[in-house]
Structure formats: structure tokens, C-alpha cells
>>> print(open('upload_9.cif').read())   # mmCIF, C-alpha atoms
data_target
#
loop_
_atom_site.group_PDB
_atom_site.id
_atom_site.type_symbol
_atom_site.label_atom_id
_atom_site.label_comp_id
_atom_site.auth_asym_id
_atom_site.auth_seq_id
_atom_site.Cartn_x
_atom_site.Cartn_y
_atom_site.Cartn_z
ATOM 1 C CA MET A 1 31.084 147.906 146.281
ATOM 2 C CA SER A 2 32.389 148.103 142.719
ATOM 3 C CA ASP A 3 36.008 149.011 141.958
ATOM 4 C CA ASN A 4 36.461 149.612 138.236
ATOM 5 C CA ASN A 5 39.893 151.242 138.613
ATOM 6 C CA THR A 6 41.549 147.870 137.989
ATOM 7 C CA ALA A 7 40.128 147.472 134.461
ATOM 8 C CA MET A 8 42.838 147.358 131.805
ATOM 9 C CA THR A 9 43.011 150.007 129.123
ATOM 10 C CA GLU A 10 43.490 149.087 125.471
ATOM 11 C CA GLU A 11 47.152 150.142 125.691
ATOM 12 C CA GLN A 12 47.703 147.898 128.701
ATOM 13 C CA LYS A 13 46.012 145.006 126.907
ATOM 14 C CA ALA A 14 48.198 145.503 123.831
ATOM 15 C CA ALA A 15 51.332 145.655 125.998
ATOM 16 C CA LEU A 16 50.284 142.488 127.824
ATOM 17 C CA VAL A 17 49.721 140.625 124.548
ATOM 18 C CA ARG A 18 53.111 141.772 123.173
ATOM 19 C CA SER A 19 55.025 140.790 126.309
ATOM 20 C CA THR A 20 53.273 137.431 126.591
ATOM 21 C CA ARG A 21 53.931 136.568 122.959
ATOM 22 C CA ARG A 22 57.539 137.719 123.279
ATOM 23 C CA LEU A 23 58.103 135.237 126.118
ATOM 24 C CA ASP A 24 56.306 132.358 124.410
ATOM 25 C CA LEU A 25 57.997 129.043 125.192
ATOM 26 C CA ARG A 26 58.220 128.210 121.488
ATOM 27 C CA ARG A 27 60.436 131.260 120.935
ATOM 28 C CA ILE A 28 62.679 130.418 123.853
ATOM 29 C CA LEU A 29 63.090 126.792 122.778
ATOM 30 C CA GLY A 30 63.531 127.798 119.146
ATOM 31 C CA GLY A 31 66.262 130.248 120.108
ATOM 32 C CA LEU A 32 68.094 127.656 122.189
ATOM 33 C CA PHE A 33 67.865 125.041 119.446
ATOM 34 C CA VAL A 34 69.161 127.503 116.840
ATOM 35 C CA LEU A 35 71.998 128.661 119.119
ATOM 36 C CA TYR A 36 73.137 125.130 119.974
ATOM 37 C CA GLY A 37 72.585 124.044 116.381
ATOM 38 C CA VAL A 38 74.964 126.733 115.148
ATOM 39 C CA ILE A 39 77.570 125.743 117.743
ATOM 40 C CA VAL A 40 77.342 122.015 116.998
ATOM 41 C CA THR A 41 77.356 122.626 113.228
ATOM 42 C CA ILE A 42 80.512 124.728 113.526
ATOM 43 C CA VAL A 43 82.146 122.020 115.642
ATOM 44 C CA GLY A 44 81.157 119.469 112.987
ATOM 45 C CA ILE A 45 82.757 121.554 110.240
ATOM 46 C CA VAL A 46 85.924 122.393 112.202
ATOM 47 C CA HIS A 47 86.498 118.783 113.324
ATOM 48 C CA TRP A 48 85.566 117.269 109.975
ATOM 49 C CA ASN A 49 88.236 114.534 110.063
ATOM 50 C CA THR A 50 87.750 113.345 113.648
ATOM 51 C CA ASP A 51 83.973 112.730 113.551
ATOM 52 C CA PRO A 52 83.938 109.697 111.222
ATOM 53 C CA GLU A 53 86.655 107.920 113.216
ATOM 54 C CA LYS A 54 84.591 108.012 116.414
ATOM 55 C CA THR A 55 81.115 107.437 114.981
ATOM 56 C CA GLY A 56 81.513 104.738 112.364
ATOM 57 C CA GLY A 57 81.822 106.945 109.289
ATOM 58 C CA ILE A 58 79.094 109.478 110.097
ATOM 59 C CA HIS A 59 79.737 113.199 110.591
ATOM 60 C CA ILE A 60 77.488 113.181 113.637
ATOM 61 C CA ASN A 61 78.153 116.746 114.849
ATOM 62 C CA LEU A 62 77.310 118.172 111.456
ATOM 63 C CA TRP A 63 74.084 116.175 111.108
ATOM 64 C CA VAL A 64 72.922 116.812 114.665
ATOM 65 C CA GLY A 65 73.762 120.510 114.355
ATOM 66 C CA LEU A 66 71.789 120.840 111.129
ATOM 67 C CA SER A 67 68.894 118.899 112.676
ATOM 68 C CA MET A 68 68.873 121.242 115.668
ATOM 69 C CA LEU A 69 68.851 124.253 113.336
ATOM 70 C CA VAL A 70 65.864 122.844 111.461
ATOM 71 C CA GLY A 71 64.090 122.036 114.740
ATOM 72 C CA GLY A 72 64.664 125.553 116.072
ATOM 73 C CA LEU A 73 63.415 127.123 112.863
ATOM 74 C CA LEU A 74 60.313 124.919 113.018
ATOM 75 C CA PHE A 75 59.603 126.240 116.529
ATOM 76 C CA PHE A 76 59.836 129.809 115.183
ATOM 77 C CA LEU A 77 57.614 128.926 112.241
ATOM 78 C CA TRP A 78 55.046 127.327 114.563
ATOM 79 C CA ASP A 79 55.007 130.446 116.735
ATOM 80 C CA ARG A 80 54.655 132.691 113.687
ATOM 81 C CA LEU A 81 51.859 130.707 112.039
ATOM 82 C CA ASN A 82 49.877 129.941 115.203
ATOM 83 C CA PRO A 83 50.373 132.677 117.836
ATOM 84 C CA VAL A 84 48.568 132.615 121.161
ATOM 85 C CA PRO A 85 45.207 134.387 120.624
ATOM 86 C CA ALA A 86 44.986 137.822 122.229
ATOM 87 C CA GLU A 87 41.581 136.924 123.676
ATOM 88 C CA ASP A 88 43.118 134.018 125.607
ATOM 89 C CA ILE A 89 45.904 136.195 127.019
ATOM 90 C CA ILE A 90 43.564 138.991 128.093
ATOM 91 C CA GLY A 91 40.940 136.563 129.431
ATOM 92 C CA GLN A 92 43.550 134.779 131.544
ATOM 93 C CA ALA A 93 44.844 138.093 132.953
ATOM 94 C CA GLU A 94 41.317 139.240 133.797
ATOM 95 C CA ALA A 95 40.488 135.894 135.426
ATOM 96 C CA GLU A 96 43.637 136.143 137.551
ATOM 97 C CA GLU A 97 42.684 139.690 138.574
ATOM 98 C CA HIS A 98 39.187 138.572 139.578
ATOM 99 C CA GLN A 99 40.617 135.668 141.549
ATOM 100 C CA LYS A 100 43.087 137.963 143.294
ATOM 101 C CA ALA A 101 40.322 140.458 144.086
ATOM 102 C CA ALA A 102 38.106 137.711 145.467
ATOM 103 C CA GLY A 103 40.958 136.593 147.713
ATOM 104 C CA GLU A 104 41.293 140.127 149.040
ATOM 105 C CA GLY A 105 37.546 140.424 149.660
ATOM 106 C CA ARG A 106 36.904 142.927 146.846
ATOM 107 C CA ASP A 107 34.213 142.605 144.208
ATOM 108 C CA LEU A 108 35.167 143.561 140.625
ATOM 109 C CA ALA A 109 31.758 142.843 139.109
#
>>> encode(input="upload_9.cif", output="C-alpha cells")
Amino acid sequence: MSDNNTAMTEEQKAALVRSTRRLDLRRILGGLFVLYGVIVTIVGIVHWNTDPEKTGGIHINLWVGLSMLVGGLLFFLWDRLNPVPAEDIIGQAEAEEHQKAAGEGRDLA
């Protein structure tokens, strides 16, 4: 018995690729690094005089904040230059559907 009603349309495939890329771990980590980098950089600028007293002459909050900003931007750059291939996303979704169908006793072939 063949059940082809579960095949994805091109629109569904495009939506799946967009949503998967939107939730890519590199974007999430990049966003967190940028957010915390901005916060720590602001703290480093606002408390300019107190940092060197506690850290041996280094403005540690400023340097760590700027480093976090650079790290977050590198995550975004990595995601932009090397996105997850659409074929991998669609292939994984189809494999999961076949596995689910096999578990339910259906045949999608």
C-alpha cells in the first residue's frame, strides 16, 4: 500500500529550509555573544576607573566585551558563508518521515 499524501510540496520544503536555517545554533550563539558583548563592553566603558584597580592595570570588561562582540560576529559570518545545505535539511526530514511511517506500519515507498 503506497501513501504519497505525505510527500512535501516545494513550498513546504522551502519553508522547512527557512525555519531550520533561522534556528541554526550558530545564529543563536552569535546572538548571545553579541548581546553579552554589548553589555560587558558598556560596563567596561561606564566603570572605566574601577577595572584597572581590580585587574592589575587591564580594562578587562572592555577587552572581554569587545572579544565577545568579535566572537559573535564570527558566528554570524560563519553561518552566512557556510549555511546548512538545503539537500541535507530536506533529506533529514524525509528520512525522519520514512522512519516514523515504518514505526506505524505504513510503507511510503
>>> residues_around(input="upload_9.cif", residues="Asp88 (chain A)", least_positions_apart="2", cutoff="12 Å", atoms="all atoms listed in the file", output="PyMOL selection string")
chain A and resi 13+16-17+20-21+83-86+90-95
>>> atom_distance(input="upload_9.cif", atom1="CA of Val38 (chain A)", atom2="CA of Gly65 (chain A)")
6.4 Å
>>> atom_distance(input="upload_9.cif", atom1="CA of Phe33 (chain A)", atom2="CA of Phe76 (chain A)")
10.3 Å
>>> closest_residue(input="upload_9.cif", among="A:Lys54, A:Leu69, A:Trp48, A:Asp79", to="Arg22 (chain A)", atoms="all atoms listed in the file")
A:Asp79
>>> closest_residue(input="upload_9.cif", among="A:Asn82, A:Ile89, A:Ile42, A:Asp51", to="Ser19 (chain A)", atoms="all atoms listed in the file")
A:Ile89
>>> atom_distance(input="upload_9.cif", atom1="CA of Arg27 (chain A)", atom2="CA of Gly71 (chain A)")
11.7 Å
>>> resolve_selection(input="upload_9.cif", expression="the PyMOL selection byres ((chain A and resi 72) around 10)", output="ChimeraX atom specification")
/A:26-37,66-71,73-78
>>> axis_aligned_box(input="upload_9.cif", around="region 40-47 of chain A", padding_each_side="3 Å", output="AutoDock Vina command-line options")
--center_x 81.9 --center_y 121.8 --center_z 113.6 --size_x 15.2 --size_y 11.9 --size_z 12.8
>>> closest_residue(input="upload_9.cif", among="A:Leu62, A:Ala102, A:Leu23, A:Ala14", to="Gly44 (chain A)", atoms="only C-alpha atoms")
A:Leu62
>>> closest_residue(input="upload_9.cif", among="A:Gly103, A:Asp24, A:Glu97, A:Pro52", to="Met8 (chain A)", atoms="only C-alpha atoms")
A:Glu97
>>> build_atoms(input="upload_9.cif", residues="region 70-86 of chain A", atoms="N, CA and C atoms", output="CSV table (one decimal), keeping the file's coordinate frame")
chain,number,residue,atom,x,y,z
A,70,VAL,N,67.2,123.0,112.1
A,70,VAL,CA,65.9,122.8,111.5
A,70,VAL,C,64.8,122.8,112.5
A,71,GLY,N,65.1,122.1,113.6
A,71,GLY,CA,64.1,122.0,114.7
A,71,GLY,C,63.8,123.4,115.3
A,72,GLY,N,64.8,124.2,115.5
A,72,GLY,CA,64.7,125.6,116.1
A,72,GLY,C,63.9,126.4,115.1
A,73,LEU,N,64.2,126.3,113.8
A,73,LEU,CA,63.4,127.1,112.9
A,73,LEU,C,62.0,126.7,112.8
A,74,LEU,N,61.7,125.4,113.0
A,74,LEU,CA,60.3,124.9,113.0
A,74,LEU,C,59.6,125.5,114.2
A,75,PHE,N,60.2,125.6,115.4
A,75,PHE,CA,59.6,126.2,116.5
A,75,PHE,C,59.2,127.7,116.2
A,76,PHE,N,60.1,128.4,115.6
A,76,PHE,CA,59.8,129.8,115.2
A,76,PHE,C,58.7,129.9,114.2
A,77,LEU,N,58.7,129.0,113.2
A,77,LEU,CA,57.6,128.9,112.2
A,77,LEU,C,56.3,128.6,112.9
A,78,TRP,N,56.3,127.7,113.8
A,78,TRP,CA,55.0,127.3,114.6
A,78,TRP,C,54.5,128.5,115.3
A,79,ASP,N,55.4,129.3,116.0
A,79,ASP,CA,55.0,130.4,116.7
A,79,ASP,C,54.5,131.5,115.8
A,80,ARG,N,55.1,131.7,114.6
A,80,ARG,CA,54.7,132.7,113.7
A,80,ARG,C,53.3,132.4,113.1
A,81,LEU,N,53.1,131.1,112.7
A,81,LEU,CA,51.9,130.7,112.0
A,81,LEU,C,50.7,130.5,113.0
A,82,ASN,N,51.0,130.2,114.3
A,82,ASN,CA,49.9,129.9,115.2
A,82,ASN,C,50.2,130.6,116.5
A,83,PRO,N,50.1,132.0,116.6
A,83,PRO,CA,50.4,132.7,117.8
A,83,PRO,C,49.2,132.5,118.8
A,84,VAL,N,49.6,132.7,120.1
A,84,VAL,CA,48.6,132.6,121.2
A,84,VAL,C,47.5,133.7,120.9
A,85,PRO,N,46.2,133.4,120.9
A,85,PRO,CA,45.2,134.4,120.6
A,85,PRO,C,45.2,135.5,121.7
A,86,ALA,N,45.0,136.7,121.3
A,86,ALA,CA,45.0,137.8,122.2
A,86,ALA,C,43.8,137.7,123.2
